[in-house]
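Written below as structure tokens is the structure these notes are about.
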Amino acid sequence: MSIPQSGGGPIEHHDQLAEYMASGCKPKDDWRIGTEHEKFGYCKDTLKPIPYEGERSILAVLEGLRDGHGWAPVEEGGKLIGLEKDGANVSLEPGGQLELSGAPVETIHETCDEVNAHLRDVKDIADKVGVGFIGLGAAPIWTHDQMPLMPKGRYKLMDSYMQTVGTMGQTMMRRTCTVQVNLDFSSEADMVKKFRVALALQPVATALFANSPFFEGKPNGHKSWRARVWRDLDPARTGMLPFVFDEGFGFEQYADYALDVPMYFVYRDGKYINALGQSFRDFLRGELPALPGEKPTLSDWADHLTTIFPEARIKKFMEMRGADGGPWRRLCALPAFWVGLMYDQPSLDAAWDLCKSWDAETREALRVAASIDGLQTKVNGINLHDIARQAVAISEAGLKARARSGGGGMIPDETHFLNALNESIETGKTPADELLEHFNGDWNGNLDRIYAEYSY
């Protein structure tokens, strides 16, 4: 979940809403890569989720990173709820999931180095206090009542509202994890093409990174339970956004969509003011019930954009949101997959050619089926395994064309970060398939084994 936005002055005319997003346009030389990933913490002796406070807790991990690894504290209401360093931040998801939001960097080599350093630091602290961390798309055993709610005002508001707009909002908040990448665009036209490719091919990412086949101690019938959860969260702010594929789509149309998404809050003086279900259009008129007579700032608009959760979304950059949290290698594979598709023009063109004939019903059917069947998905004559094979090949070509070297020049490009995906393409097995094989084989149905064998 995002932190409060800042630095925006008053909104004086409607055009500023689209202009805010358009201000993110930048030349290709300035494009960057920002990788975010979440992970579950647990007590090593009990295998139960860690609370916010205590000897073995999220707070102990945050304090260890602050005191031992040079991170600056971020507090809310006197509580330590995050950390900042070198353009990156560590934050808490609602159920105590620990998130790294990486700094914007130029190459996958750099973003992977950042991920690796972070996981090493977290493990160093976690080992000292007796906790572990694991990368999965959904908590495999824990129940809702076992999951703590972190002391953030935003989450307290969301938690109550989620029960009124869907059936799985609280599950998303407490018991799911993702990995995503944030990418840039050069112009409105570039944004539109990337956004359409991003939405259409999110089911491919869902399938390739599927890693949540268990829930409350048993198989749940889905390769990605996390993706299933997102389908029944809040229809007003999730989904595949069919209007993005309409002729004439651009920043203005996305702004109009966002205006119709009900609000969660307004952030003032370090506090979250309840604006649940209220209208940003009313806010623009100075008629918001939560703040009568007050009009919004661009910071309020930026905050509102963080409360919209489609499969891909726009702020001043684009976020790819369709993948389960997972093992170490796939935390680097996810940004590599999308950078290869998006940051080389011939590859972007090829990716669009791959999916441009699909209609809205097909895209939605792929989204649904990918959560259930993963790479084995077949919809309307489309074999998702074949589409994934082509998409990964296009991405690999894009990474070769970028030719961004690493390892002091010893590694010629970024293609090796796709190795985990190429293995899935060749075997047809994703992490979810491997986990199910263990559960039905050498684990003998004992899901506790997942912690020892799959933790970072």
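Chain labels follow the order of the structure tokens: the first chain is A, the next B, and so on; residue numbering restarts at 1 in every chain, and ligands are counted from 1 in their shown order.
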
Q.
Using only C-alpha atoms, which protein or nucleic acid residues come within 10 Å of Pro289 in chain A? Drop anything in the same chain fewer than 6 positions from it, and give the result as a PyMOL selection string.
A. chain A and resi 274-275+278-279+282-283

Could you take the residues named above and write them with N, CA and C atoms, as a PDB file, in the first residue's frame?
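Listed below is the output, result.pdb:
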ATOM      1  N   ASN A 274     -11.933  10.171   7.468  1.00  0.00           N
ATOM      2  CA  ASN A 274     -12.849   9.216   6.847  1.00  0.00           C
ATOM      3  C   ASN A 274     -13.665   9.892   5.742  1.00  0.00           C
ATOM      4  N   ALA A 275     -13.443   9.454   4.510  1.00  0.00           N
ATOM      5  CA  ALA A 275     -14.253   9.906   3.377  1.00  0.00           C
ATOM      6  C   ALA A 275     -14.783   8.694   2.608  1.00  0.00           C
ATOM      7  N   GLN A 278     -17.310   8.480  -0.480  1.00  0.00           N
ATOM      8  CA  GLN A 278     -17.626   9.827  -0.951  1.00  0.00           C
ATOM      9  C   GLN A 278     -16.992  10.082  -2.324  1.00  0.00           C
ATOM     10  N   SER A 279     -17.382  11.201  -2.939  1.00  0.00           N
ATOM     11  CA  SER A 279     -17.032  11.456  -4.339  1.00  0.00           C
ATOM     12  C   SER A 279     -15.958  12.526  -4.474  1.00  0.00           C
ATOM     13  N   ASP A 282     -17.406  15.672  -5.874  1.00  0.00           N
ATOM     14  CA  ASP A 282     -17.933  16.578  -4.861  1.00  0.00           C
ATOM     15  C   ASP A 282     -16.805  17.368  -4.194  1.00  0.00           C
ATOM     16  N   PHE A 283     -15.682  16.688  -3.964  1.00  0.00           N
ATOM     17  CA  PHE A 283     -14.522  17.342  -3.365  1.00  0.00           C
ATOM     18  C   PHE A 283     -14.066  18.516  -4.237  1.00  0.00           C
TER      19      PHE A 283
END

Find the residues of range 97-211 of chain A that sit at most 10 Å from range 341-359 of chain A; for each, write down the nearest two atoms and how far apart they are in Å, to one decimal. Count only C-alpha atoms. Sort by chain, then by number going up, and give it as CSV.
residue,atom,partner,partner_atom,distance
A:Leu183,CA,A:Met342,CA,8.2
A:Asp184,CA,A:Tyr343,CA,8.7
A:Phe185,CA,A:Tyr343,CA,8.9
A:Asp190,CA,A:Met342,CA,9.6
A:Lys193,CA,A:Trp352,CA,7.6
A:Lys194,CA,A:Met342,CA,6.5
A:Phe195,CA,A:Met342,CA,9.7
A:Arg196,CA,A:Trp352,CA,7.8
A:Val197,CA,A:Trp352,CA,5.7
A:Ala198,CA,A:Met342,CA,8.7
A:Leu199,CA,A:Cys355,CA,9.9
A:Ala200,CA,A:Cys355,CA,6.5
A:Leu201,CA,A:Cys355,CA,7.4

Preceding selection exported with N, CA and C atoms as a compact mmCIF listing (two decimals), in the first residue's frame:
# COMPACT_ATOMS: atom_id res chain seq x y z
N LEU A 183 6.99 1.28 -14.14
CA LEU A 183 7.72 1.66 -15.34
C LEU A 183 7.25 3.01 -15.87
N ASP A 184 8.07 3.63 -16.71
CA ASP A 184 7.81 4.95 -17.24
C ASP A 184 7.25 4.91 -18.66
N PHE A 185 6.77 6.07 -19.10
CA PHE A 185 6.31 6.25 -20.48
C PHE A 185 6.80 7.61 -20.97
N ASP A 190 2.53 6.65 -25.96
CA ASP A 190 3.35 5.57 -25.41
C ASP A 190 2.67 4.96 -24.19
N LYS A 193 -0.30 2.65 -25.35
CA LYS A 193 0.10 1.35 -25.88
C LYS A 193 0.61 0.44 -24.77
N LYS A 194 1.43 0.99 -23.88
CA LYS A 194 1.95 0.19 -22.77
C LYS A 194 0.82 -0.25 -21.84
N PHE A 195 -0.13 0.63 -21.60
CA PHE A 195 -1.22 0.30 -20.69
C PHE A 195 -2.06 -0.83 -21.27
N ARG A 196 -2.33 -0.78 -22.56
CA ARG A 196 -3.13 -1.84 -23.19
C ARG A 196 -2.39 -3.18 -23.15
N VAL A 197 -1.10 -3.16 -23.44
CA VAL A 197 -0.31 -4.40 -23.36
C VAL A 197 -0.27 -4.90 -21.93
N ALA A 198 -0.08 -3.98 -20.99
CA ALA A 198 0.00 -4.37 -19.58
C ALA A 198 -1.27 -5.05 -19.12
N LEU A 199 -2.42 -4.47 -19.43
CA LEU A 199 -3.68 -5.07 -19.00
C LEU A 199 -3.93 -6.41 -19.69
N ALA A 200 -3.74 -6.44 -21.01
CA ALA A 200 -4.05 -7.66 -21.76
C ALA A 200 -3.17 -8.83 -21.34
N LEU A 201 -1.91 -8.54 -21.00
CA LEU A 201 -0.97 -9.63 -20.69
C LEU A 201 -0.79 -9.87 -19.20

As a PDB file with C-alpha atoms, in the first residue's frame, list the residues of range 236-447 of chain A assigned to helix (DSSP H, G or I) by DSSP on the backbone atoms of this structure.
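Result file out-v9.pdb:
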ATOM      1  CA  PRO A 242     -12.167  -2.299 -20.864  1.00  0.00           C
ATOM      2  CA  PHE A 243     -12.410   1.450 -21.596  1.00  0.00           C
ATOM      3  CA  VAL A 244      -8.609   1.633 -21.900  1.00  0.00           C
ATOM      4  CA  PHE A 245      -8.987  -0.139 -25.261  1.00  0.00           C
ATOM      5  CA  PHE A 251      -4.905  10.591 -19.521  1.00  0.00           C
ATOM      6  CA  GLU A 252      -8.187  12.501 -19.508  1.00  0.00           C
ATOM      7  CA  GLN A 253     -10.278   9.344 -19.777  1.00  0.00           C
ATOM      8  CA  TYR A 254      -8.313   7.690 -16.962  1.00  0.00           C
ATOM      9  CA  ALA A 255      -8.843  10.779 -14.806  1.00  0.00           C
ATOM     10  CA  ASP A 256     -12.601  10.584 -15.453  1.00  0.00           C
ATOM     11  CA  TYR A 257     -12.571   6.919 -14.432  1.00  0.00           C
ATOM     12  CA  ALA A 258     -10.635   7.710 -11.262  1.00  0.00           C
ATOM     13  CA  LEU A 259     -13.081  10.481 -10.355  1.00  0.00           C
ATOM     14  CA  PHE A 280     -13.900  13.221  -5.514  1.00  0.00           C
ATOM     15  CA  ARG A 281     -16.165  15.132  -7.907  1.00  0.00           C
ATOM     16  CA  ASP A 282     -17.933  16.578  -4.861  1.00  0.00           C
ATOM     17  CA  PHE A 283     -14.522  17.342  -3.365  1.00  0.00           C
ATOM     18  CA  LEU A 284     -13.639  19.396  -6.465  1.00  0.00           C
ATOM     19  CA  LEU A 298      -2.879  17.657  -6.111  1.00  0.00           C
ATOM     20  CA  SER A 299      -1.581  15.668  -3.133  1.00  0.00           C
ATOM     21  CA  ASP A 300      -5.166  14.616  -2.420  1.00  0.00           C
ATOM     22  CA  TRP A 301      -5.526  13.545  -6.062  1.00  0.00           C
ATOM     23  CA  ALA A 302      -2.254  11.617  -5.875  1.00  0.00           C
ATOM     24  CA  ASP A 303      -3.492   9.885  -2.710  1.00  0.00           C
ATOM     25  CA  HIS A 304      -6.791   9.021  -4.390  1.00  0.00           C
ATOM     26  CA  LEU A 305      -4.977   7.425  -7.339  1.00  0.00           C
ATOM     27  CA  TRP A 328      13.999 -14.945  -4.627  1.00  0.00           C
ATOM     28  CA  ARG A 329      14.629 -15.534  -8.349  1.00  0.00           C
ATOM     29  CA  ARG A 330      11.150 -14.450  -9.413  1.00  0.00           C
ATOM     30  CA  LEU A 331      11.429 -11.161  -7.591  1.00  0.00           C
ATOM     31  CA  CYS A 332      13.977 -10.258 -10.273  1.00  0.00           C
ATOM     32  CA  ALA A 333      12.198 -12.085 -13.089  1.00  0.00           C
ATOM     33  CA  LEU A 334       9.036  -9.977 -12.790  1.00  0.00           C
ATOM     34  CA  PRO A 335      10.673  -6.615 -13.615  1.00  0.00           C
ATOM     35  CA  ALA A 336      12.795  -8.324 -16.279  1.00  0.00           C
ATOM     36  CA  PHE A 337       9.671  -9.711 -17.972  1.00  0.00           C
ATOM     37  CA  TRP A 338       7.932  -6.349 -18.199  1.00  0.00           C
ATOM     38  CA  VAL A 339      11.011  -4.256 -18.987  1.00  0.00           C
ATOM     39  CA  GLY A 340      11.802  -6.553 -21.906  1.00  0.00           C
ATOM     40  CA  LEU A 341       8.274  -6.068 -23.227  1.00  0.00           C
ATOM     41  CA  MET A 342       7.937  -2.347 -22.544  1.00  0.00           C
ATOM     42  CA  GLN A 345       9.913  -0.423 -29.167  1.00  0.00           C
ATOM     43  CA  PRO A 346      10.018  -3.474 -31.483  1.00  0.00           C
ATOM     44  CA  SER A 347       9.239  -5.700 -28.493  1.00  0.00           C
ATOM     45  CA  LEU A 348       6.393  -3.456 -27.381  1.00  0.00           C
ATOM     46  CA  ASP A 349       4.991  -3.579 -30.921  1.00  0.00           C
ATOM     47  CA  ALA A 350       5.311  -7.367 -30.969  1.00  0.00           C
ATOM     48  CA  ALA A 351       3.637  -7.669 -27.575  1.00  0.00           C
ATOM     49  CA  TRP A 352       0.698  -5.591 -28.817  1.00  0.00           C
ATOM     50  CA  ASP A 353       0.454  -7.742 -31.947  1.00  0.00           C
ATOM     51  CA  LEU A 354       0.190 -10.751 -29.631  1.00  0.00           C
ATOM     52  CA  CYS A 355      -2.937  -9.509 -27.875  1.00  0.00           C
ATOM     53  CA  ALA A 360     -12.923  -7.412 -23.472  1.00  0.00           C
ATOM     54  CA  GLU A 361     -14.701 -10.710 -22.814  1.00  0.00           C
ATOM     55  CA  THR A 362     -11.613 -12.689 -23.829  1.00  0.00           C
ATOM     56  CA  ARG A 363      -9.301 -10.592 -21.666  1.00  0.00           C
ATOM     57  CA  GLU A 364     -11.580 -11.059 -18.655  1.00  0.00           C
ATOM     58  CA  ALA A 365     -11.947 -14.784 -19.311  1.00  0.00           C
ATOM     59  CA  LEU A 366      -8.171 -15.131 -19.427  1.00  0.00           C
ATOM     60  CA  ARG A 367      -7.883 -13.234 -16.155  1.00  0.00           C
ATOM     61  CA  VAL A 368     -10.325 -15.587 -14.447  1.00  0.00           C
ATOM     62  CA  ALA A 369      -8.927 -18.787 -15.924  1.00  0.00           C
ATOM     63  CA  ALA A 370      -5.283 -17.866 -15.234  1.00  0.00           C
ATOM     64  CA  SER A 371      -6.014 -17.693 -11.521  1.00  0.00           C
ATOM     65  CA  ILE A 372      -7.442 -21.215 -11.625  1.00  0.00           C
ATOM     66  CA  ASP A 373      -5.378 -23.081 -14.207  1.00  0.00           C
ATOM     67  CA  GLY A 374      -2.162 -21.084 -14.537  1.00  0.00           C
ATOM     68  CA  LEU A 375      -0.201 -22.015 -17.637  1.00  0.00           C
ATOM     69  CA  GLN A 376      -2.757 -24.721 -18.428  1.00  0.00           C
ATOM     70  CA  LEU A 384      -1.978 -19.372 -22.378  1.00  0.00           C
ATOM     71  CA  HIS A 385       1.118 -21.567 -22.278  1.00  0.00           C
ATOM     72  CA  ASP A 386       1.745 -20.716 -25.931  1.00  0.00           C
ATOM     73  CA  ILE A 387       1.076 -17.022 -25.311  1.00  0.00           C
ATOM     74  CA  ALA A 388       3.455 -17.076 -22.348  1.00  0.00           C
ATOM     75  CA  ARG A 389       6.138 -18.727 -24.472  1.00  0.00           C
ATOM     76  CA  GLN A 390       5.815 -16.008 -27.090  1.00  0.00           C
ATOM     77  CA  ALA A 391       5.679 -13.211 -24.501  1.00  0.00           C
ATOM     78  CA  VAL A 392       8.825 -14.395 -22.727  1.00  0.00           C
ATOM     79  CA  ALA A 393      10.620 -14.706 -26.077  1.00  0.00           C
ATOM     80  CA  ILE A 394       9.576 -11.153 -26.973  1.00  0.00           C
ATOM     81  CA  SER A 395      10.774  -9.955 -23.574  1.00  0.00           C
ATOM     82  CA  GLU A 396      14.098 -11.722 -24.022  1.00  0.00           C
ATOM     83  CA  ALA A 397      14.565 -10.033 -27.388  1.00  0.00           C
ATOM     84  CA  GLY A 398      13.784  -6.693 -25.767  1.00  0.00           C
ATOM     85  CA  LEU A 399      16.348  -7.238 -23.029  1.00  0.00           C
ATOM     86  CA  LYS A 400      18.978  -8.225 -25.587  1.00  0.00           C
ATOM     87  CA  ALA A 401      18.247  -5.083 -27.568  1.00  0.00           C
ATOM     88  CA  ARG A 402      18.606  -2.962 -24.416  1.00  0.00           C
ATOM     89  CA  GLY A 407      28.715  -7.534 -13.166  1.00  0.00           C
ATOM     90  CA  GLY A 408      31.299  -4.945 -14.109  1.00  0.00           C
ATOM     91  CA  GLY A 409      30.675  -5.632 -17.785  1.00  0.00           C
ATOM     92  CA  THR A 415      18.280 -11.824 -20.219  1.00  0.00           C
ATOM     93  CA  HIS A 416      19.464 -14.254 -17.536  1.00  0.00           C
ATOM     94  CA  PHE A 417      16.868 -12.810 -15.158  1.00  0.00           C
ATOM     95  CA  LEU A 418      14.265 -14.601 -17.299  1.00  0.00           C
ATOM     96  CA  ASN A 419      15.791 -18.037 -16.618  1.00  0.00           C
ATOM     97  CA  ALA A 420      13.154 -18.938 -14.023  1.00  0.00           C
ATOM     98  CA  LEU A 421      10.384 -18.109 -16.489  1.00  0.00           C
ATOM     99  CA  ASN A 422      12.019 -20.050 -19.309  1.00  0.00           C
ATOM    100  CA  GLU A 423      12.162 -23.063 -16.998  1.00  0.00           C
ATOM    101  CA  SER A 424       8.419 -22.760 -16.405  1.00  0.00           C
ATOM    102  CA  ILE A 425       7.825 -22.430 -20.134  1.00  0.00           C
ATOM    103  CA  GLU A 426       9.807 -25.607 -20.818  1.00  0.00           C
ATOM    104  CA  THR A 427       8.308 -27.700 -18.008  1.00  0.00           C
ATOM    105  CA  PRO A 431       5.770 -22.394  -8.376  1.00  0.00           C
ATOM    106  CA  ALA A 432       2.160 -23.330  -7.610  1.00  0.00           C
ATOM    107  CA  ASP A 433       2.523 -26.597  -9.527  1.00  0.00           C
ATOM    108  CA  GLU A 434       5.734 -27.421  -7.670  1.00  0.00           C
ATOM    109  CA  LEU A 435       4.128 -26.690  -4.305  1.00  0.00           C
ATOM    110  CA  LEU A 436       1.170 -28.931  -5.088  1.00  0.00           C
ATOM    111  CA  GLU A 437       3.536 -31.731  -6.122  1.00  0.00           C
ATOM    112  CA  HIS A 438       5.319 -31.466  -2.780  1.00  0.00           C
ATOM    113  CA  PHE A 439       2.039 -31.335  -0.843  1.00  0.00           C
ATOM    114  CA  ASN A 440       0.717 -34.455  -2.571  1.00  0.00           C
TER     115      ASN A 440
END

Q. How would you write, as a ChimeraX atom specification, the set of residues in range 112-309 of chain A that DSSP gives as strand (DSSP E)?
A. /A:131-134,178-183,214-215,218-219,238-239,265-268,271-274,309

(Q) At a cut-off of 8 Å, using only C-alpha atoms, what residues contact range 132-136 of chain A? Leave out same-chain residues fewer than 5 positions from it and give the result as a ChimeraX atom specification. (A) /A:38-44,123,126-127,176-178,211-212,324-328,451,454-456

Q | Two-atom distance - CA of Gly286 in chain A, CA of Ile314 in chain A (Å) | A | 25.3 Å

Q: Find the spatial neighbours of Asp124 in chain A, counting only C-alpha atoms, within a cut-off of 12 Å - ignore same-chain residues fewer than 4 positions away - and output them as a ChimeraX atom specification.
A: /A:61-62,64-65,68-69,117-120,128-133,456

Would you export the selected residues with C-alpha atoms as a PDB file, in the first residue's frame, please?
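Final output, again.pdb:
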ATOM      1  CA  VAL A  61      12.487  -6.134  12.403  1.00  0.00           C
ATOM      2  CA  LEU A  62      11.913  -2.461  11.543  1.00  0.00           C
ATOM      3  CA  GLY A  64      16.742  -3.759  13.579  1.00  0.00           C
ATOM      4  CA  LEU A  65      16.862  -2.374  10.038  1.00  0.00           C
ATOM      5  CA  GLY A  68      21.701  -1.862  12.185  1.00  0.00           C
ATOM      6  CA  HIS A  69      21.390  -1.020   8.507  1.00  0.00           C
ATOM      7  CA  ALA A 117      20.687  -6.691  -0.268  1.00  0.00           C
ATOM      8  CA  HIS A 118      17.299  -6.069   1.326  1.00  0.00           C
ATOM      9  CA  LEU A 119      16.552  -9.768   1.809  1.00  0.00           C
ATOM     10  CA  ARG A 120      20.001 -10.341   3.312  1.00  0.00           C
ATOM     11  CA  LYS A 128      18.412 -12.588  15.604  1.00  0.00           C
ATOM     12  CA  VAL A 129      14.833 -12.278  16.828  1.00  0.00           C
ATOM     13  CA  GLY A 130      13.598 -15.735  15.842  1.00  0.00           C
ATOM     14  CA  VAL A 131      11.377 -14.956  12.897  1.00  0.00           C
ATOM     15  CA  GLY A 132      11.379 -15.936   9.249  1.00  0.00           C
ATOM     16  CA  PHE A 133      10.026 -14.508   5.995  1.00  0.00           C
ATOM     17  CA  TYR A 456      14.115 -16.618   2.233  1.00  0.00           C
TER      18      TYR A 456
END

Q: With a distance cut-off of 12 Å and only C-alpha atoms, select the neighbouring residues of range 46-60 of chain A, excluding the residue or stretch itself and same-chain residues fewer than 5 positions from it, and output the selection as number ranges by chain.
A: A: 39-41, 65-68, 73-75, 79-83, 90-99, 122, 125-134, 139-152, 174-175, 447-452, 455

Q) With only C-alpha atoms as the basis for distance, which of A:Met168, A:Val181, A:Met158, A:Met410 is at the shortest distance from Met263 in chain A? A) A:Met158
